[in-house]
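Okay, my_file17.cif now, which holds mmCIF, C-alpha atoms and all ligand atoms:
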```
data_my_file
#
loop_
_atom_site.label_atom_id
_atom_site.label_comp_id
_atom_site.auth_asym_id
_atom_site.auth_seq_id
_atom_site.Cartn_x
_atom_site.Cartn_y
_atom_site.Cartn_z
CA MET A 1 -10.79 92.22 252.73
CA GLU A 2 -7.27 93.18 251.66
CA ARG A 3 -7.27 96.43 249.63
CA PHE A 4 -4.85 97.79 247.04
CA ASP A 5 -4.60 101.12 245.27
CA ILE A 6 -4.24 99.36 241.93
CA ILE A 7 -4.99 95.79 240.87
CA VAL A 8 -3.42 94.66 237.60
CA ILE A 9 -4.96 91.59 235.97
CA GLY A 10 -2.59 89.49 233.84
CA ALA A 11 1.20 89.21 234.19
CA GLY A 12 2.18 89.39 230.52
CA PRO A 13 4.52 92.18 229.36
CA ALA A 14 1.73 94.79 229.53
CA GLY A 15 0.59 93.87 233.06
CA SER A 16 4.09 93.66 234.55
CA ALA A 17 5.05 97.00 232.94
CA ALA A 18 1.91 98.64 234.36
CA ALA A 19 2.39 97.16 237.85
CA TYR A 20 6.11 98.06 237.96
CA THR A 21 5.48 101.65 236.85
CA ALA A 22 2.63 102.22 239.30
CA ALA A 23 4.60 100.75 242.24
CA ARG A 24 7.58 102.97 241.41
CA HIS A 25 5.22 105.92 241.89
CA GLY A 26 4.56 104.85 245.45
CA VAL A 27 1.14 103.17 245.47
CA SER A 28 0.16 99.65 246.58
CA VAL A 29 -0.21 97.23 243.66
CA LEU A 30 -1.44 93.64 243.30
CA LEU A 31 -0.57 91.74 240.11
CA LEU A 32 -2.71 88.66 239.43
CA GLU A 33 -1.80 85.86 237.02
CA GLU A 34 -3.92 82.79 236.36
CA HIS A 35 -1.07 80.46 235.32
CA PRO A 36 1.28 78.82 237.83
CA LYS A 37 4.34 79.98 235.85
CA ILE A 38 4.48 83.48 234.38
CA GLY A 39 5.34 83.40 230.67
CA ILE A 40 4.18 79.83 230.14
CA PRO A 41 2.60 78.82 227.81
CA VAL A 42 4.37 80.99 225.24
CA VAL A 43 1.92 82.10 222.54
CA CYS A 44 4.24 84.24 220.45
CA ALA A 45 6.93 84.21 217.75
CA GLU A 46 9.01 86.27 220.23
CA GLY A 47 10.36 88.89 217.79
CA ILE A 48 10.86 92.48 218.88
CA SER A 49 12.54 95.37 217.06
CA ARG A 50 15.01 97.63 218.82
CA LYS A 51 13.23 100.71 217.50
CA SER A 52 9.81 99.69 218.81
CA ILE A 53 10.91 99.41 222.45
CA ALA A 54 13.57 102.16 222.62
CA GLY A 55 13.05 104.48 225.56
CA TYR A 56 10.76 102.04 227.39
CA LEU A 57 12.88 99.01 228.23
CA ASP A 58 16.53 97.99 227.89
CA ILE A 59 16.57 94.42 226.61
CA GLU A 60 18.95 92.31 228.71
CA GLN A 61 21.22 89.62 227.29
CA GLY A 62 19.61 86.89 229.42
CA TRP A 63 16.20 87.42 227.78
CA ILE A 64 17.50 86.99 224.23
CA SER A 65 17.48 83.84 222.09
CA GLN A 66 18.92 85.54 218.99
CA HIS A 67 20.31 88.92 217.93
CA LEU A 68 18.95 89.95 214.53
CA ASN A 69 20.81 91.57 211.64
CA GLY A 70 18.03 91.80 209.11
CA ALA A 71 15.33 89.97 207.22
CA ILE A 72 14.90 87.72 204.21
CA ILE A 73 11.76 88.55 202.25
CA ARG A 74 10.17 85.85 200.10
CA GLY A 75 7.52 86.65 197.49
CA PRO A 76 4.62 84.57 196.20
CA HIS A 77 6.76 82.70 193.66
CA ASP A 78 9.57 81.99 196.08
CA GLN A 79 11.80 84.81 194.83
CA GLU A 80 13.84 86.27 197.73
CA PHE A 81 15.81 89.30 198.74
CA ARG A 82 17.72 90.19 201.87
CA ILE A 83 17.56 93.35 203.96
CA ASP A 84 20.66 93.96 206.06
CA TYR A 85 19.94 95.86 209.22
CA PRO A 86 22.57 95.06 211.86
CA GLY A 87 21.23 95.14 215.40
CA CYS A 88 17.63 95.71 214.30
CA GLY A 89 16.11 93.56 217.03
CA TRP A 90 15.94 90.26 218.84
CA ILE A 91 14.13 86.98 219.15
CA LEU A 92 13.33 86.89 222.85
CA ASP A 93 12.92 83.92 225.12
CA ARG A 94 9.53 84.83 226.54
CA ALA A 95 9.64 82.00 229.06
CA THR A 96 12.52 83.98 230.63
CA PHE A 97 11.50 87.50 229.60
CA ASP A 98 7.95 87.53 231.01
CA PRO A 99 8.93 86.29 234.51
CA ALA A 100 11.87 88.71 234.56
CA LEU A 101 9.49 91.64 234.02
CA ALA A 102 7.20 90.33 236.78
CA ARG A 103 10.24 90.04 239.07
CA MET A 104 11.14 93.66 238.33
CA ALA A 105 7.62 94.60 239.42
CA GLU A 106 7.94 92.49 242.57
CA ASN A 107 11.26 94.13 243.41
CA ALA A 108 9.57 97.51 243.04
CA GLY A 109 7.07 96.49 245.74
CA VAL A 110 4.26 94.83 243.76
CA GLN A 111 2.55 91.85 245.38
CA VAL A 112 2.51 89.15 242.67
CA LYS A 113 0.08 86.23 242.93
CA THR A 114 0.19 83.35 240.44
CA ARG A 115 -2.46 80.58 240.11
CA SER A 116 -4.88 83.46 240.66
CA LYS A 117 -7.57 83.67 238.02
CA VAL A 118 -9.82 86.71 238.18
CA VAL A 119 -13.40 85.51 237.72
CA GLY A 120 -15.36 88.71 238.28
CA ILE A 121 -15.29 92.36 239.31
CA HIS A 122 -18.05 94.07 241.27
CA ASP A 123 -18.52 96.68 244.01
CA ARG A 124 -14.91 97.86 243.92
CA ALA A 125 -13.61 94.30 244.49
CA VAL A 126 -11.99 91.70 242.29
CA THR A 127 -12.95 88.04 242.79
CA VAL A 128 -10.07 85.61 242.38
CA ALA A 129 -10.15 81.81 242.09
CA HIS A 130 -7.03 80.40 243.74
CA GLU A 131 -6.45 76.64 244.19
CA GLY A 132 -10.12 75.76 244.61
CA ARG A 133 -10.98 78.74 246.83
CA THR A 134 -12.14 82.25 246.01
CA ALA A 135 -10.88 85.47 247.55
CA GLU A 136 -11.85 89.13 247.19
CA TYR A 137 -9.44 92.06 246.92
CA GLY A 138 -10.57 95.66 247.10
CA TYR A 139 -9.25 98.21 244.62
CA ASN A 140 -9.22 101.87 243.79
CA PHE A 141 -8.26 101.33 240.15
CA VAL A 142 -8.01 98.27 237.86
CA ILE A 143 -5.65 97.79 234.93
CA GLY A 144 -6.86 94.99 232.66
CA ALA A 145 -3.85 93.34 230.98
CA ASP A 146 -5.42 89.93 230.44
CA GLY A 147 -4.54 89.49 226.78
CA MET A 148 -6.52 88.70 223.63
CA LYS A 149 -9.22 86.73 225.44
CA SER A 150 -9.67 89.56 227.96
CA ARG A 151 -12.77 89.52 230.12
CA VAL A 152 -11.91 92.61 232.14
CA GLY A 153 -13.36 94.83 229.41
CA THR A 154 -16.68 93.00 229.40
CA TRP A 155 -16.88 93.30 233.22
CA PHE A 156 -16.71 97.08 232.70
CA ASP A 157 -19.35 96.95 229.92
CA VAL A 158 -16.91 97.41 227.05
CA ASP A 159 -17.91 95.83 223.73
CA THR A 160 -14.89 93.60 223.00
CA ARG A 161 -16.31 91.76 220.01
CA LEU A 162 -14.25 91.60 216.83
CA ALA A 163 -15.61 91.46 213.27
CA VAL A 164 -14.30 88.71 211.03
CA ASP A 165 -12.08 91.13 209.06
CA GLU A 166 -10.54 92.45 212.29
CA ILE A 167 -8.75 89.27 213.24
CA THR A 168 -5.82 87.25 211.88
CA VAL A 169 -5.89 83.58 212.82
CA CYS A 170 -2.41 82.18 213.51
CA ALA A 171 -0.74 78.79 213.82
CA GLU A 172 2.89 78.40 214.85
CA TYR A 173 5.17 75.47 215.62
CA LEU A 174 8.52 75.47 217.39
CA LEU A 175 10.68 73.39 215.04
CA GLU A 176 13.99 71.72 215.87
CA ASP A 177 16.49 69.83 213.67
CA ILE A 178 16.27 72.38 210.86
CA ASN A 179 18.80 74.68 209.18
CA VAL A 180 18.19 78.40 209.42
CA ASP A 181 20.23 81.57 209.36
CA PRO A 182 20.15 82.45 213.08
CA SER A 183 20.46 86.20 212.65
CA TYR A 184 17.82 86.82 209.96
CA VAL A 185 14.06 86.51 210.28
CA GLU A 186 12.31 85.29 207.18
CA LEU A 187 8.97 86.78 206.09
CA LEU A 188 6.94 85.13 203.36
CA PHE A 189 4.07 86.64 201.38
CA GLY A 190 1.49 85.29 198.99
CA GLU A 191 -1.73 83.29 198.90
CA ARG A 192 0.07 79.96 199.14
CA TYR A 193 1.71 80.93 202.43
CA ALA A 194 -0.71 83.20 204.22
CA PRO A 195 -3.81 84.65 202.52
CA GLY A 196 -4.40 88.17 203.88
CA ALA A 197 -1.38 88.10 206.22
CA TYR A 198 2.17 86.64 206.13
CA ALA A 199 4.22 83.66 207.23
CA TRP A 200 7.39 83.77 209.32
CA ILE A 201 10.51 81.88 210.32
CA PHE A 202 11.89 83.42 213.52
CA PRO A 203 15.18 81.70 214.45
CA LYS A 204 15.73 80.53 218.03
CA SER A 205 19.16 79.09 217.04
CA SER A 206 20.79 77.84 213.82
CA SER A 207 18.78 74.61 214.15
CA SER A 208 15.47 75.75 215.64
CA ALA A 209 12.83 78.39 214.90
CA ASN A 210 9.30 79.59 215.55
CA VAL A 211 7.67 78.85 212.21
CA GLY A 212 4.16 80.11 211.70
CA LEU A 213 1.63 81.97 209.64
CA GLY A 214 -1.51 84.04 209.87
CA VAL A 215 -4.57 83.96 207.67
CA SER A 216 -7.47 86.34 207.35
CA PRO A 217 -10.83 84.53 207.50
CA VAL A 218 -12.15 86.95 204.87
CA ARG A 219 -9.53 85.69 202.42
CA THR A 220 -9.71 81.95 202.93
CA ARG A 221 -11.90 79.26 204.43
CA ARG A 222 -8.84 77.10 205.04
CA ARG A 223 -7.50 76.69 208.54
CA ALA A 224 -4.14 78.24 209.44
CA ARG A 225 -3.00 74.89 210.88
CA GLU A 226 -3.71 73.07 207.60
CA ILE A 227 -1.71 75.57 205.51
CA LEU A 228 1.15 75.46 208.05
CA ASP A 229 1.26 71.64 208.01
CA GLU A 230 1.52 71.65 204.21
CA TRP A 231 4.26 74.26 204.20
CA ILE A 232 6.32 72.52 206.90
CA LYS A 233 6.05 69.23 205.02
CA ARG A 234 7.40 70.97 201.86
CA GLU A 235 10.08 73.10 203.48
CA PHE A 236 11.21 71.24 206.61
CA PRO A 237 10.37 67.57 205.96
CA SER A 238 12.70 66.22 208.67
CA ALA A 239 11.96 68.78 211.39
CA THR A 240 10.98 67.80 214.91
CA VAL A 241 7.88 69.64 216.08
CA LYS A 242 8.51 70.62 219.73
CA GLN A 243 5.44 72.71 220.40
CA LYS A 244 2.29 73.82 218.60
CA ILE A 245 0.47 77.06 219.34
CA PHE A 246 -2.69 78.58 217.93
CA GLY A 247 -4.05 82.03 218.57
CA GLY A 248 -5.62 85.12 217.15
CA VAL A 249 -4.13 88.54 216.60
CA SER A 250 -6.47 91.52 216.42
CA ALA A 251 -6.26 94.21 213.78
CA LYS A 252 -8.55 96.79 215.38
CA VAL A 253 -8.13 98.80 218.57
CA LEU A 254 -11.13 98.75 220.91
CA GLU A 255 -13.45 101.75 220.54
CA ARG A 256 -13.27 102.29 224.31
CA PHE A 257 -10.57 101.03 226.65
CA SER A 258 -10.85 103.18 229.75
CA GLY A 259 -13.43 104.31 232.30
CA ASN A 260 -13.67 105.94 235.70
CA ARG A 261 -11.87 103.15 237.48
CA PHE A 262 -10.12 101.14 234.78
CA TYR A 263 -7.77 101.06 231.81
CA LEU A 264 -7.24 98.19 229.40
CA VAL A 265 -3.71 97.75 228.04
CA GLY A 266 -1.79 95.55 225.59
CA ASP A 267 -3.79 92.85 223.81
CA ALA A 268 -6.73 93.45 226.17
CA ALA A 269 -7.14 96.85 224.46
CA ARG A 270 -6.25 95.21 221.10
CA LEU A 271 -3.09 97.26 220.70
CA THR A 272 -1.24 94.83 218.41
CA ASP A 273 0.12 96.33 215.22
CA PRO A 274 -2.47 95.60 212.50
CA LEU A 275 0.20 94.95 209.85
CA SER A 276 2.81 92.88 211.68
CA GLY A 277 0.72 91.48 214.54
CA ALA A 278 3.49 92.55 216.93
CA GLY A 279 2.17 93.36 220.40
CA ILE A 280 5.00 93.00 222.93
CA ALA A 281 6.32 96.55 222.57
CA ASN A 282 2.87 98.16 222.41
CA GLY A 283 1.90 96.11 225.47
CA ILE A 284 4.86 97.44 227.42
CA LYS A 285 4.38 101.03 226.24
CA SER A 286 0.67 101.01 227.09
CA GLY A 287 1.43 99.36 230.45
CA VAL A 288 3.98 102.02 231.38
CA ILE A 289 1.62 104.83 230.34
CA ALA A 290 -1.32 103.24 232.19
CA GLY A 291 0.68 102.71 235.40
CA ARG A 292 1.81 106.33 235.39
CA SER A 293 -1.62 107.73 234.46
CA ALA A 294 -3.53 105.65 237.02
CA VAL A 295 -1.34 107.02 239.82
CA ALA A 296 -1.70 110.59 238.54
CA ARG A 297 -5.45 110.15 238.41
CA MET A 298 -5.61 108.78 241.96
CA LYS A 299 -3.61 111.76 243.15
CA GLY A 300 -6.16 114.10 241.50
CA LYS A 301 -3.78 115.15 238.72
CA LYS A 302 -4.56 115.42 235.00
CA ASP A 303 -5.05 112.03 233.30
CA ALA A 304 -2.83 111.94 230.21
CA PHE A 305 -3.51 108.26 229.34
CA HIS A 306 -5.17 108.85 225.97
CA ALA A 307 -2.91 111.70 224.87
CA GLU A 308 0.26 109.75 225.69
CA LEU A 309 -1.04 106.53 224.20
CA LYS A 310 -1.98 108.32 221.00
CA LYS A 311 1.55 109.64 220.60
CA ALA A 312 3.33 106.42 221.57
CA VAL A 313 1.10 103.76 220.03
CA LEU A 314 -2.22 104.74 218.45
CA LYS A 315 -0.93 107.02 215.66
CA GLU A 316 1.25 104.28 214.21
CA ILE A 317 -1.54 101.71 214.58
CA ALA A 318 -3.98 103.99 212.69
CA TYR A 319 -1.51 104.44 209.83
CA ASN A 320 -0.79 100.72 209.58
CA GLN A 321 -4.51 99.98 209.80
CA GLY A 322 -4.98 101.94 206.56
CA ILE A 323 -2.23 99.92 204.86
CA ARG A 324 -3.71 96.66 206.14
CA ASN A 325 -7.11 97.54 204.70
CA VAL A 326 -5.51 97.72 201.26
CA TYR A 327 -3.18 94.77 201.88
CA LEU A 328 -6.11 92.54 202.81
CA LYS A 329 -7.46 92.86 199.27
CA LEU A 330 -4.21 92.07 197.42
CA MET A 331 -3.93 89.00 195.21
CA ASP A 332 -0.65 87.32 194.20
CA SER A 333 -0.19 89.54 191.10
CA GLU A 334 -0.29 92.60 193.34
CA TYR A 335 1.91 91.04 196.03
CA GLU A 336 4.34 90.47 193.19
CA HIS A 337 4.25 94.17 192.40
CA VAL A 338 4.75 95.23 196.01
CA PHE A 339 7.57 92.69 196.28
CA ARG A 340 9.38 94.19 193.27
CA ILE A 341 9.09 97.73 194.64
CA ALA A 342 10.20 96.71 198.13
CA LYS A 343 13.12 94.81 196.62
CA ARG A 344 14.20 97.87 194.62
CA ILE A 345 14.07 100.09 197.72
CA LEU A 346 15.55 97.72 200.26
CA SER A 347 17.57 94.94 198.68
CA GLY A 348 21.27 94.87 199.42
CA HIS A 349 21.16 98.15 201.35
CA ALA A 350 22.19 98.39 204.96
CA VAL A 351 19.07 100.20 206.05
CA SER A 352 18.98 102.09 209.31
CA GLY A 353 15.22 101.73 209.50
CA VAL A 354 12.76 99.95 207.25
CA SER A 355 10.29 102.63 206.27
CA ILE A 356 6.86 101.13 205.67
CA ARG A 357 5.72 104.65 204.75
CA ARG A 358 8.17 104.97 201.87
CA ILE A 359 7.25 101.55 200.50
CA ALA A 360 3.53 102.35 200.82
CA ARG A 361 4.02 105.67 199.00
CA GLU A 362 5.97 104.09 196.15
CA VAL A 363 3.58 101.18 195.85
CA MET A 364 0.67 103.58 195.51
CA ILE A 365 2.47 105.72 192.92
CA PHE A 366 3.66 102.81 190.80
CA SER A 367 0.73 100.45 191.06
CA PRO A 368 -2.49 101.82 189.54
CA LEU A 369 -4.44 98.86 190.92
CA ILE A 370 -3.35 99.42 194.50
CA PHE A 371 -3.70 103.18 194.08
CA LYS A 372 -7.33 102.65 193.01
CA SER A 373 -8.18 100.55 196.08
CA ALA A 374 -6.42 103.06 198.35
CA LEU A 375 -8.50 105.90 196.87
CA LYS A 376 -11.69 103.88 197.27
CA LEU A 377 -10.83 103.31 200.91
CA LEU A 378 -10.08 106.96 201.52
CA PHE A 379 -13.31 108.22 199.96
CA ARG A 380 -15.79 105.50 200.80
C1 LIG A 401 1.08 83.20 216.93
C2 LIG A 401 1.44 84.53 217.51
C3 LIG A 401 2.71 85.05 217.30
C4 LIG A 401 3.05 86.31 217.81
N1 LIG A 401 4.31 86.79 217.59
C5 LIG A 401 4.66 88.00 218.07
C6 LIG A 401 5.97 88.51 217.86
O1 LIG A 401 6.84 87.87 217.26
N2 LIG A 401 6.27 89.73 218.35
C7 LIG A 401 5.36 90.49 219.03
O2 LIG A 401 5.68 91.61 219.44
N3 LIG A 401 4.11 90.01 219.27
C8 LIG A 401 3.75 88.79 218.81
N4 LIG A 401 2.49 88.29 219.08
C9 LIG A 401 1.59 89.09 219.92
C10 LIG A 401 2.05 89.05 221.37
O3 LIG A 401 2.19 87.71 221.79
C11 LIG A 401 1.08 89.80 222.25
O4 LIG A 401 0.74 91.02 221.63
C12 LIG A 401 1.66 90.09 223.63
O5 LIG A 401 1.89 88.90 224.35
C13 LIG A 401 0.68 90.98 224.40
O6 LIG A 401 1.08 91.12 225.74
P1 LIG A 401 -0.03 91.33 226.87
O7 LIG A 401 0.72 91.48 228.14
O8 LIG A 401 -1.00 92.34 226.46
O9 LIG A 401 -0.87 89.95 226.88
P2 LIG A 401 -0.38 88.47 227.18
O10 LIG A 401 1.05 88.30 226.88
O11 LIG A 401 -1.37 87.59 226.48
O12 LIG A 401 -0.58 88.32 228.75
C14 LIG A 401 -1.86 88.25 229.33
C15 LIG A 401 -1.71 87.53 230.65
O13 LIG A 401 -2.95 87.58 231.36
C16 LIG A 401 -3.20 86.33 231.97
N5 LIG A 401 -4.64 86.24 232.21
C17 LIG A 401 -5.63 86.15 231.28
N6 LIG A 401 -6.83 86.13 231.87
C18 LIG A 401 -6.60 86.19 233.22
C19 LIG A 401 -7.47 86.19 234.35
N7 LIG A 401 -8.79 86.13 234.23
N8 LIG A 401 -6.90 86.26 235.57
C20 LIG A 401 -5.55 86.33 235.73
N9 LIG A 401 -4.69 86.31 234.67
C21 LIG A 401 -5.22 86.26 233.43
C22 LIG A 401 -2.66 85.34 230.94
O14 LIG A 401 -2.40 84.07 231.53
C23 LIG A 401 -1.40 86.04 230.47
O15 LIG A 401 -0.29 85.71 231.25
C24 LIG A 401 2.12 87.04 218.57
C25 LIG A 401 0.84 86.52 218.82
C26 LIG A 401 0.51 85.28 218.28
C27 LIG A 401 -0.87 84.70 218.56
#
```
In structure tokens, write the structure found in this file.
Amino acid sequence: MERFDIIVIGAGPAGSAAAYTAARHGVSVLLLEEHPKIGIPVVCAEGISRKSIAGYLDIEQGWISQHLNGAIIRGPHDQEFRIDYPGCGWILDRATFDPALARMAENAGVQVKTRSKVVGIHDRAVTVAHEGRTAEYGYNFVIGADGMKSRVGTWFDVDTRLAVDEITVCAEYLLEDINVDPSYVELLFGERYAPGAYAWIFPKSSSSANVGLGVSPVRTRRRAREILDEWIKREFPSATVKQKIFGGVSAKVLERFSGNRFYLVGDAARLTDPLSGAGIANGIKSGVIAGRSAVARMKGKKDAFHAELKKAVLKEIAYNQGIRNVYLKLMDSEYEHVFRIAKRILSGHAVSGVSIRRIAREVMIFSPLIFKSALKLLFR
């Protein structure tokens, strides 16, 4: 049986970042991906902010569909305001981005195997189904980067179940033949668009965009797809639908995501931001930290995985989790209130960073209703 120091399962951004980092530290790494083509199918709106990834990855021109200069915010009654933030981020082309990261790992010495679905882990070996056959690979350490539907955690006896209020159900279509501002994302709030979450228009060009929405099952019994179909009919009646994707985004980090011989990273550890649902940057950050920590651990050095992850990812997630808990309870009248405050703070300004904290603080001070629910949450 072929043996590797580290086996990484899943070649999304988190897995490739982990494999690349570990290989750069001089150990043998196998990266396994179930799909024939890395990055396909794309299940993502592909947005990433410059701030979220700074210090971890330089975004290359060839991976970018659009450069972003800000956002248009739309409230429950279709009132809008614009936030100008030149160079704030990008809409990626994940069908190019994901394979490029895997190639970086390969160039660093990682053995990458596609069409290789991991079907079990036992006795320090990973079982892989590959074109009708199974193979076993021995490992010293496993990094589970197998996304939202991760099974690696369950193979290491981690409870990966999510409660109904810990998930946002999403539907998104890639639309063509539409008119959009190519350098502004549009975010829409209110019960009509996305009960308990938000809707988005992420431009791929001036005539195409990822258009989608999330809903919280505790706020509506309606399906995300149904609400999206209605909205697209209203807003983009002559659009061509190129691709439809459906998926869940978690809003709660796993209680446990490491053990003696494994780490879980990215969506497999449920590291998406509970407010925005963004998970590319946190996937990469957790992958880099896991790759580095796994090697340190194998060399008998101190394991800084949790400490580093807390600083880079978990602190922000915990803060945004608190905001989401309040946000989840808001009705249109309160969205309206938040919208007015956000508009006052942000509208027309060239902001160098959109501070969720400042908005949250002002909303709590100026809205007795939201303040009351925040207090209840704090002292329950
Ligand atoms: C509708 C929607 C829109 C989103 N929009 C955004 C956005 O705009 N910006 C943002 O930052 N995030 C967004 N996200 C979240 C983002 O897509 C994820 O957080 C991100 O892809 C996580 O990266 P990852 O590497 O952890 O997992 P993934 O990208 O899911 O990669 C996991 C990989 O593991 C492979 N795999 C799974 N099981 C196995 C197995 N048994 N054996 C081998 N391989 C396996 C999969 O094929 C996949 O390639 C969105 C999510 C959804 C659902």
Environment of ligand LIG 401 (chain A) within 7 Å, counting only C-alpha atoms and all ligand atoms, reported as a ChimeraX atom specification: /A:9-15,32-35,38-39,43-48,116-119,145-151,170-172,212,245-249,265-268,272,277-281,283
Box centre and edge lengths (Å, one decimal), axis-aligned, region 223-241 of chain A plus 6 Å each side, as AutoDock Vina command-line options:
```
--center_x 2.6 --center_y 72.2 --center_z 209.0 --size_x 32.2 --size_y 24.0 --size_z 26.2
```
Spatial neighbours of region 301-312 of chain A, max dist 7 Å, only C-alpha atoms, sep filter under 6 positions, as a list in words: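 Contacts, in chain order: Ser286, Ile289, Ala290 and Ser293 of chain A.
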Nearest residue to Ser207 (chain A) from the set A:Glu255, A:Glu186, A:Glu176, A:Glu226 (distances using all atoms listed in the file):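 Ranked by minimum distance to Ser207 (chain A), first place goes to A:Glu176.
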Residue list as a VMD selection string for point (21.8, 91.4, 206.9), cut-off 6 Å, all atoms listed in the file: chain A and resid 69 to 70 83 to 85
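For the atom pair formed by CA of Gln243 (chain A) and CA of Pro41 (chain A), the distance is 10.0 Å, given to one decimal.
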CA of Ile317 (chain A) to CA of Asp273 (chain A), straight-line distance in Å: 5.7 Å
